[in-house]
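final.cif, holding mmCIF, C-alpha atoms:
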```cif
data_final
#
loop_
_atom_site.label_atom_id
_atom_site.label_comp_id
_atom_site.auth_asym_id
_atom_site.auth_seq_id
_atom_site.Cartn_x
_atom_site.Cartn_y
_atom_site.Cartn_z
CA MET A 13 76.66 -60.53 187.50
CA THR A 14 77.69 -61.65 184.14
CA GLN A 15 81.15 -62.71 183.29
CA ASN A 16 81.56 -59.73 180.97
CA GLN A 17 80.70 -57.30 183.71
CA LYS A 18 83.21 -59.00 186.00
CA LYS A 19 85.86 -58.76 183.35
CA THR A 20 85.18 -55.07 182.78
CA ARG A 21 85.44 -54.33 186.53
CA LYS A 22 88.67 -56.21 186.80
CA SER A 23 90.06 -54.38 183.83
CA THR A 24 89.02 -51.02 185.29
CA THR A 25 90.53 -51.84 188.68
CA ARG A 26 93.75 -52.96 187.00
CA LYS A 27 93.91 -49.69 185.08
CA LYS A 28 93.42 -47.68 188.27
CA THR A 29 96.15 -49.55 190.11
CA ARG A 30 98.49 -49.06 187.18
CA LYS A 31 97.78 -45.32 187.13
CA SER A 32 98.40 -45.01 190.87
CA LYS A 33 101.63 -46.97 190.55
CA ALA A 34 102.69 -44.77 187.70
CA LYS A 35 101.99 -41.68 189.77
CA LYS A 36 103.92 -43.06 192.72
CA GLY A 37 106.95 -43.88 190.59
CA LYS A 38 107.63 -40.24 189.62
CA ALA A 39 110.27 -38.43 191.98
CA TYR A 40 109.55 -34.71 192.65
CA ILE A 41 112.16 -32.55 194.72
CA PRO A 42 111.21 -28.99 195.81
CA ALA A 43 113.53 -26.03 194.86
CA TYR A 44 114.29 -24.86 198.40
CA LYS A 45 115.71 -28.24 199.28
CA ILE A 46 118.07 -28.01 196.35
CA ILE A 47 119.24 -24.52 197.48
CA ILE A 48 119.84 -25.69 201.06
CA SER A 49 121.82 -28.70 199.91
CA CYS A 50 123.97 -26.50 197.68
CA ALA A 51 124.67 -24.09 200.55
CA ILE A 52 125.68 -26.99 202.79
CA ILE A 53 128.05 -28.30 200.16
CA ILE A 54 129.62 -24.81 199.72
CA THR A 55 130.13 -24.35 203.48
CA ILE A 56 131.74 -27.77 203.74
CA CYS A 57 134.13 -26.85 200.94
CA MET A 58 135.00 -23.49 202.55
CA GLY A 59 135.57 -25.18 205.89
CA LEU A 60 137.93 -27.67 204.26
CA LEU A 61 139.88 -24.80 202.65
CA LEU A 62 140.18 -22.93 205.96
CA TYR A 63 141.27 -26.07 207.74
CA THR A 64 143.99 -26.76 205.19
CA THR A 65 145.37 -23.18 205.39
CA ILE A 66 145.34 -23.20 209.23
CA ALA A 67 146.98 -26.63 209.24
CA ALA A 68 149.74 -25.31 206.93
CA GLN A 69 150.46 -22.31 209.21
CA ALA A 70 150.15 -24.23 212.48
CA PRO A 71 153.65 -25.83 212.55
CA GLU A 72 155.39 -22.43 212.22
CA LYS A 73 153.30 -20.95 215.03
CA LYS A 74 153.87 -24.00 217.17
CA GLU A 75 157.61 -23.70 216.66
CA SER A 76 157.66 -19.98 217.61
CA ILE A 77 155.41 -20.58 220.62
CA SER A 78 157.50 -23.54 221.71
CA SER A 79 160.73 -21.50 221.39
CA GLU A 80 159.25 -18.64 223.43
CA PHE A 81 157.96 -21.12 226.00
CA VAL A 82 161.38 -22.75 226.21
CA GLU A 83 163.10 -19.36 226.70
CA LYS A 84 160.65 -18.37 229.44
CA THR A 85 161.01 -21.69 231.25
CA GLU A 86 164.78 -21.46 231.00
CA SER A 87 164.76 -17.98 232.54
CA LYS A 88 162.51 -19.19 235.36
CA LYS A 89 164.58 -22.32 236.10
CA PRO A 90 167.83 -21.31 237.81
CA ASP A 91 168.80 -24.98 238.55
CA LYS A 92 169.46 -25.97 234.87
CA LYS A 93 172.89 -27.21 234.01
CA PRO A 94 175.05 -24.99 231.78
CA GLU A 95 175.29 -27.77 229.14
CA GLU A 96 171.50 -27.95 228.76
CA LYS A 97 171.29 -24.16 228.51
CA LYS A 98 173.91 -24.14 225.78
CA SER A 99 172.05 -26.79 223.75
CA VAL A 100 168.82 -24.86 223.99
CA GLU A 101 170.57 -21.65 223.03
CA LYS A 102 172.16 -23.39 220.01
CA LYS A 103 168.78 -24.65 218.82
CA SER A 104 167.19 -21.23 219.17
CA ALA A 105 170.16 -19.64 217.38
CA GLU A 106 169.87 -22.15 214.50
CA LYS A 107 166.15 -21.39 214.17
CA LYS A 108 166.85 -17.65 214.13
CA GLU A 109 169.51 -18.13 211.43
CA LYS A 110 167.04 -20.09 209.28
CA GLU A 111 164.49 -17.31 209.65
CA LYS A 112 167.11 -14.72 208.72
CA GLN A 113 168.07 -16.72 205.58
CA ILE A 114 164.44 -16.85 204.50
CA GLU A 115 164.06 -13.10 205.06
CA SER A 116 167.31 -12.37 203.17
CA LYS A 117 166.08 -14.41 200.20
CA LYS A 118 162.86 -12.41 200.18
CA SER A 119 164.77 -9.13 200.37
CA ASP A 120 167.10 -10.23 197.52
CA THR A 121 164.15 -10.93 195.27
CA SER A 122 162.61 -7.55 196.12
CA ASP A 123 165.96 -5.79 195.48
CA THR A 124 166.28 -7.41 192.05
CA LYS A 125 162.79 -6.21 191.17
CA VAL A 126 163.67 -2.67 192.29
CA GLU A 127 166.87 -2.69 190.20
CA LYS A 128 164.91 -3.81 187.12
CA ASN A 129 162.47 -0.97 187.62
CA LYS A 130 165.34 1.50 187.95
CA THR A 131 166.97 0.36 184.72
CA GLU A 132 163.66 0.65 182.89
CA SER A 133 163.10 4.12 184.31
CA LYS A 134 166.59 5.20 183.22
CA LYS A 135 165.87 4.10 179.68
CA GLU A 136 162.68 6.10 179.61
CA SER A 137 164.15 9.17 181.41
CA PRO A 138 166.14 10.66 178.43
CA LYS A 139 163.02 10.62 176.32
CA LYS A 140 161.04 12.39 179.05
CA GLU A 141 163.83 14.96 179.56
CA ASN A 142 163.85 15.83 175.86
CA VAL A 143 160.09 16.31 175.94
CA LYS A 144 160.39 18.53 179.04
CA LYS A 145 163.12 20.68 177.42
CA GLU A 146 160.99 21.28 174.34
CA THR A 147 157.97 22.25 176.41
CA ALA A 148 160.16 24.55 178.59
CA LYS A 149 161.47 26.36 175.51
CA LYS A 150 157.94 26.98 174.33
CA GLU A 151 156.75 28.20 177.71
CA SER A 152 159.86 30.21 178.74
CA PRO A 153 158.91 33.62 177.27
CA GLU A 154 155.59 33.52 179.07
CA LYS A 155 156.95 32.37 182.47
CA LYS A 156 158.12 34.79 185.18
CA THR A 157 161.27 34.53 187.28
CA PRO A 158 160.88 33.15 190.81
CA SER A 159 162.09 36.42 192.33
CA GLU A 160 159.36 38.37 190.53
CA SER A 161 156.72 35.89 191.56
CA THR A 162 157.84 35.97 195.17
CA SER A 163 157.94 39.78 195.21
CA GLN A 164 154.44 39.96 193.78
CA SER A 165 153.16 37.42 196.30
CA GLU A 166 154.79 39.36 199.11
CA ASN A 167 153.24 42.63 197.91
CA SER A 168 149.87 40.97 197.59
CA LYS A 169 150.00 39.73 201.17
CA VAL A 170 148.10 41.77 203.73
CA PRO A 171 150.45 43.00 206.53
CA GLU A 172 149.79 41.12 209.72
CA PRO A 173 149.02 43.14 212.85
CA ALA A 174 151.88 43.46 215.32
CA PRO A 175 151.60 40.96 218.21
CA ILE A 176 150.37 42.43 221.46
CA PRO A 177 153.14 42.12 224.06
CA LYS A 178 152.18 39.96 227.00
CA PRO A 179 152.40 41.64 230.41
CA THR A 180 155.51 40.45 232.18
CA PRO A 181 154.78 39.14 235.67
CA ALA A 182 156.19 41.16 238.53
CA PRO A 183 159.35 39.60 240.00
CA ALA A 184 158.82 37.78 243.25
CA PRO A 185 160.30 39.50 246.28
CA SER A 186 163.75 38.12 246.88
CA LYS A 187 164.39 36.57 250.22
CA THR A 188 167.89 36.40 251.57
CA VAL A 189 169.16 32.93 252.25
CA SER A 190 169.85 32.29 255.93
CA LYS A 191 173.63 32.06 255.99
CA TYR A 192 174.42 32.93 259.61
CA ASN A 193 171.22 31.75 261.35
CA PHE A 194 170.91 34.95 263.39
CA PRO A 195 168.11 34.93 265.99
CA MET A 196 164.99 36.97 265.33
CA ALA A 197 165.05 40.46 266.86
CA LYS A 198 163.26 40.91 270.19
CA ASN A 199 162.28 44.04 272.14
CA ASN A 200 162.79 46.15 268.96
CA ALA A 201 166.50 45.31 269.18
CA GLN A 202 168.73 48.20 268.09
CA LEU A 203 172.31 47.85 266.82
CA VAL A 204 174.76 50.76 267.23
CA PHE A 205 178.15 50.60 265.45
CA VAL A 206 181.00 52.95 266.49
CA PHE A 207 184.33 53.03 264.64
CA ASP A 208 187.30 54.51 266.50
CA ASP A 209 190.60 56.04 265.29
CA GLY A 210 189.20 58.21 262.50
CA GLY A 211 191.60 60.80 261.07
CA GLN A 212 194.54 58.47 260.53
CA ASN A 213 193.71 57.24 257.00
CA LEU A 214 191.08 58.76 254.69
CA ASN A 215 191.07 55.80 252.28
CA HIS A 216 190.27 53.41 255.11
CA LEU A 217 187.53 55.75 256.27
CA LYS A 218 185.77 55.74 252.86
CA SER A 219 185.03 52.02 252.98
CA PHE A 220 183.18 52.50 256.29
CA LEU A 221 181.21 55.49 255.03
CA LYS A 222 179.80 53.30 252.20
CA LEU A 223 178.02 51.01 254.66
CA PRO A 224 174.22 50.98 254.08
CA PHE A 225 173.30 51.77 257.70
CA PRO A 226 174.01 54.73 260.04
CA ILE A 227 177.31 54.69 261.94
CA THR A 228 179.15 56.82 264.50
CA VAL A 229 182.85 57.59 263.85
CA ALA A 230 185.21 58.76 266.61
CA VAL A 231 187.95 61.06 265.21
CA LEU A 232 191.35 61.51 266.89
CA PRO A 233 192.41 65.17 267.37
CA GLN A 234 195.51 67.03 266.16
CA LEU A 235 196.32 64.64 263.27
CA ALA A 236 196.96 65.55 259.63
CA HIS A 237 193.53 64.30 258.48
CA SER A 238 191.44 65.02 261.59
CA LYS A 239 189.46 67.98 260.16
CA GLU A 240 189.00 66.41 256.72
CA ALA A 241 187.85 63.10 258.23
CA ALA A 242 185.24 64.87 260.39
CA ALA A 243 183.99 66.82 257.34
CA GLN A 244 183.63 63.64 255.23
CA ILE A 245 181.75 61.84 258.00
CA ARG A 246 179.26 64.69 258.36
CA ALA A 247 178.83 64.92 254.59
CA SER A 248 177.91 61.22 254.47
CA GLY A 249 175.09 61.82 256.98
CA ASN A 250 176.78 59.90 259.77
CA GLU A 251 177.71 61.00 263.30
CA VAL A 252 181.06 62.53 264.40
CA ILE A 253 182.41 62.32 267.95
CA LEU A 254 185.77 63.22 269.47
CA HIS A 255 188.00 60.24 270.17
CA GLN A 256 189.72 61.85 273.17
CA PRO A 257 193.17 60.37 273.94
CA MET A 258 193.75 59.48 277.62
CA GLN A 259 196.73 57.94 279.34
CA SER A 260 196.74 54.17 279.78
CA ILE A 261 197.66 52.43 283.02
CA LYS A 262 201.00 51.69 281.40
CA ALA A 263 202.99 54.94 281.40
CA SER A 264 205.12 53.66 278.50
CA VAL A 265 202.12 53.72 276.13
CA ASN A 266 201.84 57.03 274.24
CA PRO A 267 198.14 57.93 273.73
CA GLY A 268 198.95 60.51 271.02
CA PRO A 269 198.61 64.31 270.69
CA GLY A 270 195.95 66.17 272.68
CA ALA A 271 195.89 63.52 275.43
CA ILE A 272 194.78 63.89 279.07
CA LYS A 273 197.54 62.73 281.41
CA PRO A 274 197.57 61.96 285.13
CA GLU A 275 199.83 64.94 286.03
CA MET A 276 197.46 67.49 284.42
CA THR A 277 195.53 70.01 286.50
CA GLU A 278 191.82 70.66 286.07
CA ASP A 279 192.46 73.80 284.02
CA GLN A 280 194.87 71.97 281.74
CA ILE A 281 192.31 69.22 281.15
CA ILE A 282 189.60 71.78 280.33
CA SER A 283 191.81 73.75 277.89
CA THR A 284 192.93 70.53 276.14
CA LEU A 285 189.35 69.38 275.74
CA PHE A 286 188.18 72.75 274.31
CA GLN A 287 191.04 72.77 271.82
CA ASN A 288 190.23 69.27 270.59
CA ILE A 289 186.46 69.88 270.39
CA THR A 290 186.80 73.09 268.37
CA GLU A 291 189.17 71.43 265.91
CA ILE A 292 186.66 68.90 264.65
CA ALA A 293 183.38 70.54 265.73
CA PRO A 294 180.48 70.26 265.44
CA ILE A 295 180.39 66.94 267.26
CA ALA A 296 177.68 64.89 269.01
CA GLY A 297 179.84 63.48 271.81
CA MET A 298 183.19 62.03 272.82
CA ASN A 299 184.67 58.72 273.95
CA ASN A 300 188.05 57.78 275.39
CA HIS A 301 191.02 56.53 273.34
CA GLU A 302 193.12 54.22 275.56
CA GLY A 303 192.37 56.01 278.88
CA SER A 304 192.37 53.10 281.25
CA GLY A 305 194.43 55.13 283.72
CA ILE A 306 192.23 58.27 283.49
CA THR A 307 188.81 56.55 283.45
CA ALA A 308 189.77 54.89 286.75
CA ASP A 309 190.38 58.39 288.25
CA ALA A 310 187.03 59.75 289.50
CA GLU A 311 188.29 63.36 289.96
CA LYS A 312 189.63 63.71 286.43
CA MET A 313 186.55 62.02 284.95
CA ALA A 314 184.33 64.47 286.84
CA THR A 315 186.15 67.34 285.05
CA VAL A 316 185.73 65.63 281.66
CA MET A 317 182.01 65.01 282.18
CA ARG A 318 181.38 68.62 283.33
CA VAL A 319 182.90 69.87 280.05
CA CYS A 320 180.67 67.48 278.09
CA SER A 321 177.62 68.77 279.92
CA GLN A 322 178.58 72.41 279.26
CA GLU A 323 179.14 71.70 275.52
CA GLY A 324 175.91 69.73 275.23
CA ILE A 325 177.60 66.55 274.09
CA TYR A 326 177.42 63.01 275.47
CA PHE A 327 180.19 60.86 276.89
CA LEU A 328 180.63 57.26 275.70
CA ASP A 329 182.74 55.10 278.02
CA SER A 330 184.80 52.70 275.87
CA ARG A 331 185.35 50.61 279.01
CA THR A 332 189.04 49.92 278.43
CA ASN A 333 189.28 49.37 282.18
CA SER A 334 186.84 47.31 284.23
CA GLU A 335 187.64 49.64 287.17
CA THR A 336 186.17 52.65 285.37
CA LYS A 337 184.64 55.37 287.58
CA VAL A 338 182.31 56.78 284.89
CA PRO A 339 179.11 55.19 286.30
CA TYR A 340 179.94 56.43 289.80
CA VAL A 341 180.74 60.02 288.64
CA ALA A 342 177.65 60.19 286.38
CA GLU A 343 175.40 59.14 289.23
CA ALA A 344 176.98 61.66 291.59
CA LEU A 345 176.67 64.52 289.11
CA GLY A 346 173.26 63.44 287.79
CA TYR A 347 174.56 63.05 284.23
CA SER A 348 173.60 60.47 281.64
CA TYR A 349 176.19 58.58 279.59
CA TYR A 350 176.68 55.60 277.24
CA GLU A 351 178.98 52.61 277.48
CA ARG A 352 180.48 50.11 275.02
CA ASN A 353 179.24 46.50 275.11
CA ILE A 354 181.28 44.71 272.42
CA PHE A 355 184.66 45.08 270.66
CA LEU A 356 184.33 43.58 267.16
CA ASP A 357 187.95 43.47 265.98
CA ASN A 358 190.30 42.65 268.85
CA GLU A 359 191.19 39.82 266.47
CA LYS A 360 191.12 40.78 262.80
CA THR A 361 189.20 37.78 261.49
CA ASP A 362 185.68 37.20 260.21
CA GLU A 363 185.25 34.31 262.62
CA ASN A 364 186.02 36.47 265.67
CA ALA A 365 183.86 39.35 264.39
CA LEU A 366 180.95 36.95 263.86
CA LYS A 367 181.36 35.49 267.34
CA GLU A 368 181.35 38.97 268.92
CA LEU A 369 178.44 40.12 266.75
CA LYS A 370 176.31 37.21 267.97
CA LYS A 371 177.13 38.19 271.55
CA GLY A 372 175.98 41.72 270.72
CA LEU A 373 172.69 40.40 269.27
CA ASP A 374 171.99 38.55 272.50
CA ILE A 375 172.55 41.80 274.47
CA ALA A 376 170.31 43.76 272.08
CA ASN A 377 167.52 41.19 272.35
CA ARG A 378 167.79 41.27 276.13
CA ASN A 379 168.24 45.03 276.74
CA GLY A 380 166.77 46.55 273.57
CA SER A 381 170.09 47.92 272.26
CA VAL A 382 173.82 47.22 272.01
CA ILE A 383 176.88 49.41 271.27
CA MET A 384 179.63 47.64 269.33
CA ILE A 385 183.01 49.27 268.63
CA GLY A 386 185.35 48.55 265.73
CA HIS A 387 188.34 50.44 264.33
CA ILE A 388 189.07 52.24 261.06
CA TRP A 389 192.34 50.31 260.74
CA SER A 390 190.23 47.14 260.20
CA ALA A 391 189.22 48.40 256.76
CA ASP A 392 190.79 45.32 255.16
CA PHE A 393 188.01 43.01 256.42
CA LEU A 394 185.44 44.66 258.72
CA PRO A 395 183.37 46.71 256.18
CA ALA A 396 183.08 43.68 253.86
CA PHE A 397 182.02 41.50 256.78
CA LEU A 398 179.34 43.98 257.86
CA LEU A 399 178.06 44.30 254.29
CA ASP A 400 177.68 40.55 254.17
CA VAL A 401 175.74 40.21 257.44
CA TYR A 402 173.60 43.33 256.98
CA PRO A 403 170.82 41.85 254.74
CA GLU A 404 170.17 38.96 257.09
CA LEU A 405 170.25 41.22 260.16
CA LYS A 406 167.72 43.51 258.53
CA GLU A 407 165.50 40.61 257.50
CA ARG A 408 165.56 39.28 261.05
CA GLY A 409 164.12 42.57 262.29
CA TYR A 410 167.14 44.41 263.72
CA THR A 411 167.31 48.20 263.41
CA PHE A 412 170.42 50.39 263.17
CA SER A 413 171.00 53.66 265.00
CA LEU A 414 173.51 56.35 265.87
CA VAL A 415 174.66 56.61 269.49
CA SER A 416 172.83 59.89 270.09
CA LYS A 417 169.52 58.45 268.80
CA SER A 418 169.76 55.06 270.42
CA LYS A 419 168.02 53.56 273.45
CA ALA A 420 171.40 52.73 275.05
CA LYS A 421 171.61 55.82 277.29
CA LYS A 422 172.46 55.20 280.92
CA ASN A 423 170.79 57.52 283.48
#
```
Turn the structure described in the file into structure tokens.
Amino acid sequence: MTQNQKKTRKSTTRKKTRKSKAKKGKAYIPAYKIIISCAIIITICMGLLLYTTIAAQAPEKKESISSEFVEKTESKKPDKKPEEKKSVEKKSAEKKEKEKQIESKKSDTSDTKVEKNKTESKKESPKKENVKKETAKKESPEKKTPSESTSQSENSKVPEPAPIPKPTPAPAPSKTVSKYNFPMAKNNAQLVFVFDDGGQNLNHLKSFLKLPFPITVAVLPQLAHSKEAAAQIRASGNEVILHQPMQSIKASVNPGPGAIKPEMTEDQIISTLFQNITEIAPIAGMNNHEGSGITADAEKMATVMRVCSQEGIYFLDSRTNSETKVPYVAEALGYSYYERNIFLDNEKTDENALKELKKGLDIANRNGSVIMIGHIWSADFLPAFLLDVYPELKERGYTFSLVSKSKAKKN
């Protein structure tokens, strides 16, 4: 090759190398890289801002958390000395006072702002009031009074339908509270109440006739109120019997008018009985008043029971004497009779009457019936007592009967 050709090659190679170097020297950055770098820078800045704000609030939170933690630990530790507790309490109190001062400052600034707003509103209020007055004057002839508007609105309202009354539920059946703890009735237990000495006091009698169950009243003969008492008893639907006076064992005791006495003959006894029966008739039976001396005399009691049989009335033995001959005479003559089981008012107290009543309930549950005798002169307590016990007796299943309709007959 010639020297010129060599020179031209070298020059061309030099030019190529220069061009390649020139190309390599230029710096080219893509757009997406620029965007990513910008986003990174922004996130770093935001992170720094968040860190600074959290760092500023962290001491306050740490203080509150530390105070709460200290209070909790103090409450859990019972072995702390009182001096240490006081120091901790002082510190917590000082912190609370500081917080209160900060809050008070904030509230003062807010109050001053509110006062400024009020003063500004007061300045503007007279102007607004004047404007309102002028507008009210213009609109007043066209406006209606509130009473007219209300009346029109009321007239325009459609009347509401009357509410349908709800059906009231039926009252639950009332159950009597167990006050006396009476036993439940057995064998269809029947209670028969007899009240002696009728005819002495009509006012006393009335309180017994108001009792809500059937009773038998024995009326004394030849007294001022004997006939009237018998009439009132019958009118009330209750049972009348003759309370026949008979001499007691003690001769000094006066049994009263129309009495049977030991010295009487059979004819005298019969005439006395007929007189007494017709006075208060019609009657269902008779029982003895006093009579412990006569009921122990079998001959005289045979006369009495024959009269009862002829008149179609029963005899009730009050059993004023344990030596009574009534069961013996009745068996010999083939007659039936009744006998008393309980005296309710030998002592005029509720406690005694309750004790005797419970005895009577035991007899009724055992035998099917019981006859209990009281007296009209116990009107001050006995009717009220019986009214009180009646609901519970009825609830427990006891029935009430007259003597003549009871199961207590002795054959």
Quiz prompt | Ground truth for the PyMOL selection byres ((chain A and resi 245) around 12), written as an MDAnalysis selection string | solution = chainID A and resid 207 210:211 214 217:223 226:231 238:244 246:253 292:295
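Here CA of Leu405 in chain A stands at a distance of 17.1 Å from CA of Val206 in chain A.
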Exercise. Go through A:Glu302, A:Glu368, A:Asp209, A:Glu359 and flag the residue nearest Arg331 in chain A, using only C-alpha atoms for the distances.
Key: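 Checking each of A:Glu302, A:Glu368, A:Asp209, A:Glu359 against Arg331 in chain A, counting only C-alpha atoms, the winner is A:Glu302.
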Quiz prompt | Among listed residues A:Leu394, A:Leu373, A:Ile53, A:Cys320, nearest Thr411 in chain A (using all atoms listed in the file) | solution = A:Leu373
Quiz item: Mind telling me what the PyMOL selection byres ((chain A and resi 347-353) around 6) catches here, as a list of chain:residue names?
Solution: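 The output of the PyMOL selection byres ((chain A and resi 347-353) around 6) on this file is A:Phe327, A:Leu328, A:Asp329, A:Ser330, A:Ala342, A:Leu345, A:Gly346, A:Ile354, A:Ile383, A:Met384, A:Lys421, A:Lys422, A:Asn423.
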Quiz item: Nearest to Ser418 in chain A among A:Gly386, A:Pro42, A:Gly380, A:Pro395, with distances taken over all atoms listed in the file: which residue is it?
Solution: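 Checking each candidate against Ser418 in chain A, we get A:Gly380 as the closest.
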Quiz item: What gap, in Å, lies between CA of Ile272 in chain A and CA of His387 in chain A?
Solution: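 So the answer is 21.0 Å.
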Self-check item: Hits from the PyMOL selection byres ((chain A and resi 287) around 12), listed as a PyMOL selection string
Solution: chain A and resi 233-234+254+256+269-271+280-286+288-293+319
Self-check item: Atom pair CA of Ala201 in chain A / CA of Gly409 in chain A: separation (Å)
Solution: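 For CA of Ala201 in chain A relative to CA of Gly409 in chain A, the distance reads 7.8 Å.
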Practice problem: Please identify all polymer residues within 10 Å of Lys262 in chain A, counting all atoms listed in the file, omitting same-chain residues fewer than 2 positions from it, and present them as a list of chain:residue names. | Solution: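 Here the answer would be A:Gln259, A:Ser260, A:Ser264, A:Val265, A:Asn266, A:Gly303, A:Ser304, A:Gly305.
Using all atoms listed in the file, the smallest distance between any of A:Thr277, A:Asn199, A:Asn193, A:Asn300 and Leu232 in chain A comes from A:Asn300.
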Can I get all heavy atoms for range 262-269 of chain A, as a compact mmCIF listing (two decimals), in the first residue's frame?
```txt
# COMPACT_ATOMS: atom_id res chain seq x y z
N LYS A 262 -126.26 -28.88 140.79
CA LYS A 262 -126.31 -27.94 141.90
C LYS A 262 -127.72 -27.37 142.02
O LYS A 262 -128.21 -26.71 141.09
CB LYS A 262 -125.31 -26.81 141.69
CG LYS A 262 -123.85 -27.27 141.71
CD LYS A 262 -122.91 -26.11 141.45
CE LYS A 262 -121.46 -26.57 141.46
NZ LYS A 262 -120.53 -25.44 141.19
N ALA A 263 -128.38 -27.61 143.10
CA ALA A 263 -129.75 -27.13 143.30
C ALA A 263 -129.82 -25.62 143.40
O ALA A 263 -130.87 -25.02 143.14
CB ALA A 263 -130.34 -27.75 144.56
N SER A 264 -128.71 -24.97 143.76
CA SER A 264 -128.70 -23.51 143.90
C SER A 264 -128.74 -22.79 142.56
O SER A 264 -129.08 -21.61 142.47
CB SER A 264 -127.45 -23.07 144.67
OG SER A 264 -126.27 -23.49 143.99
N VAL A 265 -128.42 -23.49 141.48
CA VAL A 265 -128.40 -22.87 140.14
C VAL A 265 -129.81 -22.85 139.57
O VAL A 265 -130.46 -23.89 139.49
CB VAL A 265 -127.45 -23.64 139.19
CG1 VAL A 265 -127.51 -23.04 137.79
CG2 VAL A 265 -126.02 -23.62 139.73
N ASN A 266 -130.30 -21.65 139.22
CA ASN A 266 -131.64 -21.49 138.64
C ASN A 266 -131.56 -21.63 137.13
O ASN A 266 -130.95 -20.79 136.46
CB ASN A 266 -132.20 -20.14 139.03
CG ASN A 266 -133.62 -19.93 138.52
OD1 ASN A 266 -134.27 -20.88 138.06
ND2 ASN A 266 -134.11 -18.71 138.60
N PRO A 267 -132.18 -22.67 136.54
CA PRO A 267 -132.11 -22.86 135.09
C PRO A 267 -132.98 -21.89 134.30
O PRO A 267 -132.86 -21.83 133.08
CB PRO A 267 -132.58 -24.30 134.90
CG PRO A 267 -133.46 -24.57 136.07
CD PRO A 267 -132.93 -23.75 137.20
N GLY A 268 -133.89 -21.16 134.93
CA GLY A 268 -134.75 -20.21 134.23
C GLY A 268 -136.17 -20.71 134.10
O GLY A 268 -136.50 -21.83 134.51
N PRO A 269 -137.06 -19.87 133.50
CA PRO A 269 -138.48 -20.26 133.38
C PRO A 269 -138.66 -21.42 132.43
O PRO A 269 -137.90 -21.61 131.49
CB PRO A 269 -139.13 -18.99 132.85
CG PRO A 269 -138.05 -18.21 132.20
CD PRO A 269 -136.80 -18.51 132.95
```
